Amino acid sequence: MTTTAITNIGSLVTNDPSVGDGSPLGLLQDATVVIEGDKIAWVGPAGEAPAADTAFDAQGRAVIPGFVDSHSHLVFAGDRTAEFNARMSGRSYSAGGIRTTVAATRAATDAELEANLVRHLDEARRQGTTTFETKSGYGLTVADEARALRIAAAHTEEVTYLGAHIVSPDYAEDPAAYVDLVTGEMLAACAPYARWVDVFCEKGAFDGDQARAILTAGAAAGLIPRVHANQLSYGPGVQLAVELEAASADHCTHLTDADVDALAQAAATTVATLLPGAEFSTRAQWPDARRLIDAGATVALSTDCNPGSSYTSSMPFCIALAVRDMGMTPDEALWSATAGGARALRRTDIGTVTPGARADLAVLDAPSHVHLAYRPGVPLVSAVWQRGVRVAGGR
Ligand code: NIG
Ligand code: FE
C-alpha cells in the first residue's frame, strides 16, 4: 500500500490526550503524519518519522482531524430564500416552513435530489468535512422517505430516518394516523437504508408521547435514536433522549437545570449536539455551551445544514459562532466539531489523528486551529484528505 507523509506540520490536533501537550486536543508541534491506504499509520515528531513513498509539505501550517458533521438535512429540493428574507424583516421561524421544502422535494426527480446532495457534500468537503450524517424528512410519504434514504445511503453510512419531521400535510386532520404510518409501513420501508431514527419533538411537530412511540418503534426495528430536542421552546425532548439512551439530543437551546443535569449524567451515552447555524439563521437565543460543558455534558457542534433554518454547510462558521456567542473556547469548539461529532455518531474510527484511525485530515492556511474562530469567514481550509485520498485543495 502506498504511504504518504504529511511533513512540516506546525501544529497538529490529534484529539489524543496521551500525546503532545496532554490537553484534550493532544496538540503536537513540528509533527509528521503518515497515511497508509485509508488509515493513519504513524503520528509523531517530525524528526522521528519513518520513510514514506510520497510527501506533502504542510509548510508549518496547522493540521486537524476532518470535521464530523453529525446533523444535516441534505436530501431536499428548492430553496427558502423568501422565508429567510421575511425572517430577517422581523417574522419569526416556525416548523411549518418545512412544508415548502416537502412540496419541492416530492416534485423532484431522483437525479435532481442526488445532484443537489452531491453539490452540498462537495461544498462541505472543501470546508474540511470528511464525515456527515444526513436525514430524510422532506418526503413524508412511504415512497418519498424511502427514496431520500436510499439516495443518502449511496453517499454516507450515517443515514437517519426522520419521517417524523412534521406531520405530513396529507394527515393534517389526523396526526395519530400519521404516527401509525411513521411507526408502521414507512418505518419498514426505510429501516433497511438507515442507521438512526430521529424525531422533531417540538410544538408544531411531535409531542413527547408521539416522539416516544416513534423512537421506540425505530429502536425495535434496529435503528438507534437521536432527537431534535428543545430547539424552539422548553419541552420533553432532552429527557426523552436521555431516557431512551439516544446517541444525541440535538439543538438543546432551551434547557432547564434538570435537562442540563440529565445530559451531564448521560455524558457517556447521549451527546448534546449544538447547531449554531440554526440560531444564527432564525435570530434565536444561542444555546449555552458553557453551561453544558461546565456541568459535564459531552458537546458536539454540527451545521444542521438545511434550506430552512440553517443553510450553511460550514463547520468553521459554526466553530466561530460557538466561540463568539456560546461560551466555548477555540479548543473546545474544535474538539466538539471533530471528536464530539464522532461521539454523537458512536464512532471510534474518526475524529482523531491517531494510528489506525481513518485518514481524514484538513490542512489549514493558518498556524493553529484557533484561527478558525479568530478569522471568521475566511476560507482557511486549504487541503483535505478523506479515507487517505486528497479530495480538496492541495496547496
Ligand atoms: O433542524 N428542527 C427541525 N428541522 C430542521 C429545520 C428544517 C427546516 O426548517 O426545513 C432543523 O432546524
Ligand atoms: Fe435538524
# chains A, B, ... in the order shown; residues from 1 in each chain; ligands from 1
$ closest_atom_pairs --of "chain A" --to "ligand 1" --cutoff "6 Å" --atoms "only C-alpha atoms and all ligand atoms" --output "CSV"
residue,atom,partner,partner_atom_place_in_ligand_line,distance
A:Ala95,CA,ligand 1,9 (O),5.9
A:Gly97,CA,ligand 1,9 (O),5.6
A:Ile98,CA,ligand 1,10 (O),4.2
A:Phe200,CA,ligand 1,3 (C),5.7
A:Ala278,CA,ligand 1,12 (O),5.8
A:Asp304,CA,ligand 1,1 (O),5.5
A:Asn306,CA,ligand 1,10 (O),5.7
A:Pro307,CA,ligand 1,10 (O),5.6
A:Gly308,CA,ligand 1,9 (O),3.7
A:Ser309,CA,ligand 1,9 (O),4.5
$ residues_around --residues "Tyr374 (chain A)" --least-positions-apart "6" --cutoff "10 Å" --atoms "only C-alpha atoms" --output "PDB file with C-alpha atoms, in the first residue's frame"
ATOM      1  CA  ILE A 319     -16.992  26.968  15.321  1.00  0.00           C
ATOM      2  CA  ALA A 320     -16.697  30.739  15.062  1.00  0.00           C
ATOM      3  CA  VAL A 323     -16.685  30.585  20.328  1.00  0.00           C
ATOM      4  CA  ARG A 324     -18.028  34.097  19.930  1.00  0.00           C
ATOM      5  CA  PRO A 330     -11.470  27.650  20.478  1.00  0.00           C
TER       6      PRO A 330
END
$ closest_atom_pairs --of "chain A" --to "ligand 2" --cutoff "10 Å" --atoms "only C-alpha atoms and all ligand atoms" --output "JSON lines"
{"residue": "A:His71", "atom": "CA", "partner": "ligand 2", "partner_atom_place_in_ligand_line": "1 (Fe)", "distance": 6.3}
{"residue": "A:Ser72", "atom": "CA", "partner": "ligand 2", "partner_atom_place_in_ligand_line": "1 (Fe)", "distance": 6.1}
{"residue": "A:His73", "atom": "CA", "partner": "ligand 2", "partner_atom_place_in_ligand_line": "1 (Fe)", "distance": 6.4}
{"residue": "A:Thr134", "atom": "CA", "partner": "ligand 2", "partner_atom_place_in_ligand_line": "1 (Fe)", "distance": 9.2}
{"residue": "A:Lys135", "atom": "CA", "partner": "ligand 2", "partner_atom_place_in_ligand_line": "1 (Fe)", "distance": 8.4}
{"residue": "A:Gly137", "atom": "CA", "partner": "ligand 2", "partner_atom_place_in_ligand_line": "1 (Fe)", "distance": 9.6}
{"residue": "A:Leu162", "atom": "CA", "partner": "ligand 2", "partner_atom_place_in_ligand_line": "1 (Fe)", "distance": 9.6}
{"residue": "A:His165", "atom": "CA", "partner": "ligand 2", "partner_atom_place_in_ligand_line": "1 (Fe)", "distance": 8.8}
{"residue": "A:Asp198", "atom": "CA", "partner": "ligand 2", "partner_atom_place_in_ligand_line": "1 (Fe)", "distance": 9.4}
{"residue": "A:Val199", "atom": "CA", "partner": "ligand 2", "partner_atom_place_in_ligand_line": "1 (Fe)", "distance": 9.5}
{"residue": "A:Phe200", "atom": "CA", "partner": "ligand 2", "partner_atom_place_in_ligand_line": "1 (Fe)", "distance": 8.0}
{"residue": "A:Val227", "atom": "CA", "partner": "ligand 2", "partner_atom_place_in_ligand_line": "1 (Fe)", "distance": 9.2}
{"residue": "A:His228", "atom": "CA", "partner": "ligand 2", "partner_atom_place_in_ligand_line": "1 (Fe)", "distance": 6.5}
{"residue": "A:Ala229", "atom": "CA", "partner": "ligand 2", "partner_atom_place_in_ligand_line": "1 (Fe)", "distance": 9.6}
{"residue": "A:Gln231", "atom": "CA", "partner": "ligand 2", "partner_atom_place_in_ligand_line": "1 (Fe)", "distance": 9.3}
{"residue": "A:Asp250", "atom": "CA", "partner": "ligand 2", "partner_atom_place_in_ligand_line": "1 (Fe)", "distance": 7.5}
{"residue": "A:His251", "atom": "CA", "partner": "ligand 2", "partner_atom_place_in_ligand_line": "1 (Fe)", "distance": 7.8}
{"residue": "A:Leu275", "atom": "CA", "partner": "ligand 2", "partner_atom_place_in_ligand_line": "1 (Fe)", "distance": 8.1}
{"residue": "A:Ala278", "atom": "CA", "partner": "ligand 2", "partner_atom_place_in_ligand_line": "1 (Fe)", "distance": 8.4}
{"residue": "A:Ser302", "atom": "CA", "partner": "ligand 2", "partner_atom_place_in_ligand_line": "1 (Fe)", "distance": 9.5}
{"residue": "A:Thr303", "atom": "CA", "partner": "ligand 2", "partner_atom_place_in_ligand_line": "1 (Fe)", "distance": 8.6}
{"residue": "A:Asp304", "atom": "CA", "partner": "ligand 2", "partner_atom_place_in_ligand_line": "1 (Fe)", "distance": 4.8}
{"residue": "A:Cys305", "atom": "CA", "partner": "ligand 2", "partner_atom_place_in_ligand_line": "1 (Fe)", "distance": 7.4}
{"residue": "A:Asn306", "atom": "CA", "partner": "ligand 2", "partner_atom_place_in_ligand_line": "1 (Fe)", "distance": 7.3}
{"residue": "A:Gly308", "atom": "CA", "partner": "ligand 2", "partner_atom_place_in_ligand_line": "1 (Fe)", "distance": 9.6}
{"residue": "A:Ser309", "atom": "CA", "partner": "ligand 2", "partner_atom_place_in_ligand_line": "1 (Fe)", "distance": 8.1}
{"residue": "A:Ser310", "atom": "CA", "partner": "ligand 2", "partner_atom_place_in_ligand_line": "1 (Fe)", "distance": 8.4}
$ write_last_selection --atoms "C-alpha atoms" --output "compact mmCIF listing (two decimals), in the first residue's frame"
# COMPACT_ATOMS: atom_id res chain seq x y z
CA HIS A 71 -26.50 16.57 11.87
CA SER A 72 -27.66 17.72 8.42
CA HIS A 73 -30.74 17.55 6.21
CA THR A 134 -27.92 13.24 6.83
CA LYS A 135 -31.64 12.72 7.26
CA GLY A 137 -37.78 14.28 6.42
CA LEU A 162 -36.81 11.36 10.01
CA HIS A 165 -40.04 15.77 10.86
CA ASP A 198 -34.90 10.84 14.71
CA VAL A 199 -37.98 12.86 15.64
CA PHE A 200 -38.61 16.61 15.80
CA VAL A 227 -33.77 13.55 18.93
CA HIS A 228 -34.39 17.11 17.73
CA ALA A 229 -34.89 18.41 21.25
CA GLN A 231 -34.94 23.86 19.86
CA ASP A 250 -29.78 17.94 19.09
CA HIS A 251 -30.27 21.73 19.38
CA LEU A 275 -26.33 23.72 15.97
CA ALA A 278 -29.94 27.47 13.25
CA SER A 302 -22.77 20.50 13.77
CA THR A 303 -24.21 22.54 10.90
CA ASP A 304 -27.86 21.32 10.76
CA CYS A 305 -27.47 22.23 7.08
CA ASN A 306 -31.00 22.52 5.64
CA GLY A 308 -34.98 26.40 6.10
CA SER A 309 -33.45 27.04 9.48
CA SER A 310 -29.70 26.76 8.83
$ atom_distance --atom1 "CA of Ala77 (chain A)" --atom2 "CA of Ser94 (chain A)"
19.3 Å
$ select_by_dssp --residues "region 46-251 of chain A" --states "helix (DSSP H, G or I)" --output "PyMOL selection string"
chain A and resi 46-48+81-88+95-107+110-126+142-153+169-171+175-183+185-193+208-220+237-243
$ residues_around --residues "Thr156 (chain A)" --least-positions-apart "6" --cutoff "9 Å" --atoms "only C-alpha atoms" --output "ChimeraX atom specification"
/A:131-134
$ residues_around --residues "region 334-338 of chain A" --least-positions-apart "5" --cutoff "10 Å" --atoms "only C-alpha atoms" --output "number ranges by chain"
A: 13-15, 24-25, 64-70, 129-131, 272-274, 298-303, 315-316, 318-320, 322-323, 328-329, 343-344, 350-352, 369-370, 372-373
$ write_last_selection --atoms "N, CA and C atoms" --output "short mmCIF file (atom, residue, chain, number, x, y, z; two decimals), in the first residue's frame"
data_model
loop_
_atom_site.label_atom_id
_atom_site.label_comp_id
_atom_site.auth_asym_id
_atom_site.auth_seq_id
_atom_site.Cartn_x
_atom_site.Cartn_y
_atom_site.Cartn_z
N VAL A 13 -3.55 18.91 15.63
CA VAL A 13 -4.57 18.49 16.60
C VAL A 13 -4.78 16.99 16.40
N THR A 14 -4.50 16.20 17.44
CA THR A 14 -4.70 14.75 17.33
C THR A 14 -6.00 14.30 18.02
N ASN A 15 -6.50 15.09 18.96
CA ASN A 15 -7.60 14.67 19.85
C ASN A 15 -7.24 13.41 20.64
N PRO A 24 -6.99 17.89 25.97
CA PRO A 24 -7.91 17.03 25.21
C PRO A 24 -7.61 17.04 23.71
N LEU A 25 -7.03 18.14 23.20
CA LEU A 25 -6.70 18.18 21.77
C LEU A 25 -5.42 17.43 21.43
N ILE A 64 -5.67 19.42 11.25
CA ILE A 64 -6.70 19.00 12.22
C ILE A 64 -7.40 17.74 11.69
N PRO A 65 -8.09 17.00 12.55
CA PRO A 65 -8.92 15.90 12.03
C PRO A 65 -10.02 16.49 11.14
N GLY A 66 -10.44 15.78 10.10
CA GLY A 66 -11.56 16.24 9.29
C GLY A 66 -12.78 16.45 10.19
N PHE A 67 -13.60 17.43 9.84
CA PHE A 67 -14.79 17.69 10.66
C PHE A 67 -15.79 16.55 10.52
N VAL A 68 -16.47 16.27 11.63
CA VAL A 68 -17.53 15.26 11.65
C VAL A 68 -18.85 16.01 11.84
N ASP A 69 -19.57 16.18 10.74
CA ASP A 69 -20.84 16.92 10.79
C ASP A 69 -21.94 15.91 11.07
N SER A 70 -22.36 15.85 12.33
CA SER A 70 -23.25 14.76 12.78
C SER A 70 -24.73 15.10 12.66
N THR A 129 -15.08 19.05 5.91
CA THR A 129 -15.94 17.98 6.46
C THR A 129 -15.64 16.67 5.75
N THR A 130 -15.30 15.65 6.54
CA THR A 130 -14.97 14.35 5.95
C THR A 130 -15.97 13.26 6.33
N THR A 131 -16.82 13.53 7.32
CA THR A 131 -17.92 12.61 7.65
C THR A 131 -19.17 13.44 7.84
N ALA A 272 -24.89 16.15 23.66
CA ALA A 272 -25.66 17.37 23.38
C ALA A 272 -25.07 17.99 22.12
N THR A 273 -25.81 17.91 21.03
CA THR A 273 -25.30 18.44 19.76
C THR A 273 -25.87 19.84 19.53
N LEU A 274 -24.99 20.82 19.47
CA LEU A 274 -25.41 22.21 19.33
C LEU A 274 -25.25 22.64 17.87
N THR A 298 -21.27 16.00 27.33
CA THR A 298 -20.45 15.90 26.12
C THR A 298 -21.13 16.72 25.03
N VAL A 299 -20.40 17.65 24.43
CA VAL A 299 -20.99 18.57 23.46
C VAL A 299 -20.39 18.36 22.08
N ALA A 300 -21.26 18.25 21.08
CA ALA A 300 -20.83 18.22 19.67
C ALA A 300 -21.33 19.49 19.00
N LEU A 301 -20.65 19.89 17.94
CA LEU A 301 -21.09 21.01 17.11
C LEU A 301 -21.36 20.48 15.71
N SER A 302 -22.42 20.98 15.10
CA SER A 302 -22.77 20.50 13.77
C SER A 302 -23.48 21.62 13.02
N THR A 303 -23.65 21.44 11.69
CA THR A 303 -24.21 22.54 10.90
C THR A 303 -25.74 22.57 10.88
N MET A 315 -18.58 24.00 8.80
CA MET A 315 -18.22 23.74 10.20
C MET A 315 -17.35 24.87 10.76
N PRO A 316 -16.42 25.46 9.97
CA PRO A 316 -15.66 26.59 10.52
C PRO A 316 -16.57 27.75 10.95
N CYS A 318 -19.63 27.46 12.09
CA CYS A 318 -20.26 27.05 13.35
C CYS A 318 -19.28 27.17 14.52
N ILE A 319 -18.02 26.83 14.27
CA ILE A 319 -16.99 26.97 15.32
C ILE A 319 -16.88 28.44 15.73
N ALA A 320 -16.85 29.31 14.75
CA ALA A 320 -16.70 30.74 15.06
C ALA A 320 -17.89 31.24 15.89
N ALA A 322 -19.83 29.43 17.83
CA ALA A 322 -19.80 28.79 19.15
C ALA A 322 -18.81 29.47 20.08
N VAL A 323 -17.71 29.91 19.51
CA VAL A 323 -16.69 30.59 20.33
C VAL A 323 -17.14 31.99 20.68
N MET A 328 -17.84 28.89 24.20
CA MET A 328 -16.83 27.84 24.05
C MET A 328 -15.46 28.46 23.81
N THR A 329 -14.42 27.78 24.28
CA THR A 329 -13.07 28.19 23.91
C THR A 329 -12.80 27.65 22.50
N ARG A 343 -18.36 11.15 18.63
CA ARG A 343 -19.08 10.58 19.78
C ARG A 343 -20.58 10.56 19.50
N ALA A 344 -21.09 11.63 18.88
CA ALA A 344 -22.53 11.71 18.59
C ALA A 344 -22.95 10.65 17.57
N ILE A 350 -13.07 7.75 13.63
CA ILE A 350 -12.97 9.08 13.04
C ILE A 350 -12.88 10.12 14.16
N GLY A 351 -12.52 11.35 13.79
CA GLY A 351 -12.48 12.43 14.78
C GLY A 351 -11.16 12.56 15.52
N THR A 352 -10.21 11.67 15.22
CA THR A 352 -8.89 11.76 15.85
C THR A 352 -7.82 11.57 14.77
N HIS A 369 -5.29 25.90 14.88
CA HIS A 369 -6.75 25.75 14.77
C HIS A 369 -7.49 26.94 15.35
N VAL A 370 -6.85 27.71 16.23
CA VAL A 370 -7.53 28.85 16.86
C VAL A 370 -8.00 29.84 15.80
N LEU A 372 -9.56 29.36 13.22
CA LEU A 372 -10.90 29.09 12.69
C LEU A 372 -11.94 30.02 13.32
N ALA A 373 -11.72 30.38 14.59
CA ALA A 373 -12.63 31.33 15.24
C ALA A 373 -12.09 32.76 15.17
#
$ select_by_dssp --residues "region 124-255 of chain A" --states "strand (DSSP E)" --output "tab-separated table (two decimals) with C-alpha atoms, in the first residue's frame"
chain	number	residue	atom	x	y	z
A	129	THR	CA	-15.94	17.98	6.46
A	130	THR	CA	-14.97	14.35	5.95
A	131	THR	CA	-17.92	12.61	7.65
A	132	PHE	CA	-21.52	13.70	7.53
A	133	GLU	CA	-24.79	12.40	8.80
A	134	THR	CA	-27.92	13.24	6.83
A	135	LYS	CA	-31.64	12.72	7.26
A	158	GLU	CA	-24.65	7.83	8.64
A	159	VAL	CA	-28.25	7.93	7.45
A	160	THR	CA	-31.18	8.94	9.66
A	161	TYR	CA	-34.86	8.16	9.22
A	162	LEU	CA	-36.81	11.36	10.01
A	163	GLY	CA	-40.30	10.52	8.78
A	164	ALA	CA	-41.31	12.36	11.98
A	196	TRP	CA	-30.60	6.11	13.05
A	197	VAL	CA	-34.17	7.21	13.85
A	198	ASP	CA	-34.90	10.84	14.71
A	199	VAL	CA	-37.98	12.86	15.64
A	200	PHE	CA	-38.61	16.61	15.80
A	201	CYS	CA	-40.01	16.81	19.33
A	224	ILE	CA	-30.60	3.95	17.17
A	225	PRO	CA	-32.48	7.03	18.42
A	226	ARG	CA	-31.40	10.67	18.16
A	227	VAL	CA	-33.77	13.55	18.93
A	228	HIS	CA	-34.39	17.11	17.73
A	229	ALA	CA	-34.89	18.41	21.25
A	248	SER	CA	-27.65	12.64	20.77
A	249	ALA	CA	-30.09	15.33	21.79
A	250	ASP	CA	-29.78	17.94	19.09
A	251	HIS	CA	-30.27	21.73	19.38
$ closest_residue --among "A:Val363, A:Val378, A:Ala289, A:Ala103" --to "Gln59 (chain A)" --atoms "only C-alpha atoms"
A:Val363
$ residues_around --residues "Glu202 (chain A)" --least-positions-apart "2" --cutoff "9 Å" --atoms "only C-alpha atoms" --output "list in words"
Ala95, Phe200, Gly204, Ala205, Phe206, Asp207, Gly208, His228, Ala229, Asn230, Gln231, Leu232, Ser233, Tyr234, Gly235, Pro236 and Gly237 of chain A
$ write_last_selection --atoms "N, CA and C atoms" --output "mmCIF file, in the first residue's frame"
data_model
loop_
_atom_site.group_PDB
_atom_site.id
_atom_site.type_symbol
_atom_site.label_atom_id
_atom_site.label_comp_id
_atom_site.auth_asym_id
_atom_site.auth_seq_id
_atom_site.Cartn_x
_atom_site.Cartn_y
_atom_site.Cartn_z
ATOM 1 N N ALA A 95 -41.901 25.655 12.633
ATOM 2 C CA ALA A 95 -41.664 24.375 11.962
ATOM 3 C C ALA A 95 -42.437 24.275 10.647
ATOM 4 N N PHE A 200 -38.592 15.190 15.422
ATOM 5 C CA PHE A 200 -38.610 16.612 15.799
ATOM 6 C C PHE A 200 -39.638 16.749 16.914
ATOM 7 N N GLY A 204 -45.824 22.115 17.323
ATOM 8 C CA GLY A 204 -45.967 22.255 15.875
ATOM 9 C C GLY A 204 -45.406 21.054 15.128
ATOM 10 N N ALA A 205 -44.737 20.144 15.853
ATOM 11 C CA ALA A 205 -44.222 18.915 15.221
ATOM 12 C C ALA A 205 -44.783 17.720 16.020
ATOM 13 N N PHE A 206 -43.975 17.089 16.884
ATOM 14 C CA PHE A 206 -44.447 15.909 17.621
ATOM 15 C C PHE A 206 -44.265 16.121 19.121
ATOM 16 N N ASP A 207 -45.270 15.724 19.909
ATOM 17 C CA ASP A 207 -45.152 15.895 21.360
ATOM 18 C C ASP A 207 -44.377 14.712 21.962
ATOM 19 N N GLY A 208 -44.196 14.753 23.275
ATOM 20 C CA GLY A 208 -43.371 13.750 23.936
ATOM 21 C C GLY A 208 -43.895 12.331 23.762
ATOM 22 N N HIS A 228 -34.352 15.643 17.817
ATOM 23 C CA HIS A 228 -34.389 17.109 17.729
ATOM 24 C C HIS A 228 -35.095 17.599 18.988
ATOM 25 N N ALA A 229 -34.342 18.163 19.913
ATOM 26 C CA ALA A 229 -34.889 18.412 21.251
ATOM 27 C C ALA A 229 -34.701 19.855 21.691
ATOM 28 N N ASN A 230 -35.754 20.449 22.233
ATOM 29 C CA ASN A 230 -35.652 21.735 22.928
ATOM 30 C C ASN A 230 -35.051 22.828 22.052
ATOM 31 N N GLN A 231 -35.453 22.834 20.771
ATOM 32 C CA GLN A 231 -34.937 23.859 19.861
ATOM 33 C C GLN A 231 -35.683 25.185 20.026
ATOM 34 N N LEU A 232 -37.000 25.128 19.856
ATOM 35 C CA LEU A 232 -37.772 26.375 19.805
ATOM 36 C C LEU A 232 -38.358 26.747 21.160
ATOM 37 N N SER A 233 -38.444 25.760 22.055
ATOM 38 C CA SER A 233 -39.036 26.015 23.376
ATOM 39 C C SER A 233 -38.605 24.914 24.345
ATOM 40 N N TYR A 234 -38.871 25.134 25.639
ATOM 41 C CA TYR A 234 -38.664 24.060 26.613
ATOM 42 C C TYR A 234 -39.590 22.910 26.254
ATOM 43 N N GLY A 235 -39.192 21.692 26.580
ATOM 44 C CA GLY A 235 -40.047 20.563 26.229
ATOM 45 C C GLY A 235 -39.437 19.261 26.686
ATOM 46 N N PRO A 236 -40.086 18.150 26.349
ATOM 47 C CA PRO A 236 -39.664 16.847 26.880
ATOM 48 C C PRO A 236 -38.528 16.165 26.098
ATOM 49 N N GLY A 237 -38.059 16.778 24.998
ATOM 50 C CA GLY A 237 -37.133 16.086 24.095
ATOM 51 C C GLY A 237 -35.849 15.613 24.744
#
$ atom_distance --atom1 "CA of Leu364 (chain A)" --atom2 "CA of Gly10 (chain A)"
10.4 Å
$ residues_around --residues "Glu36 (chain A)" --least-positions-apart "6" --cutoff "9 Å" --atoms "only C-alpha atoms" --output "PyMOL selection string"
chain A and resi 1-5+42+52+359+388
$ atom_distance --atom1 "CA of Leu27 (chain A)" --atom2 "CA of Arg390 (chain A)"
22.7 Å
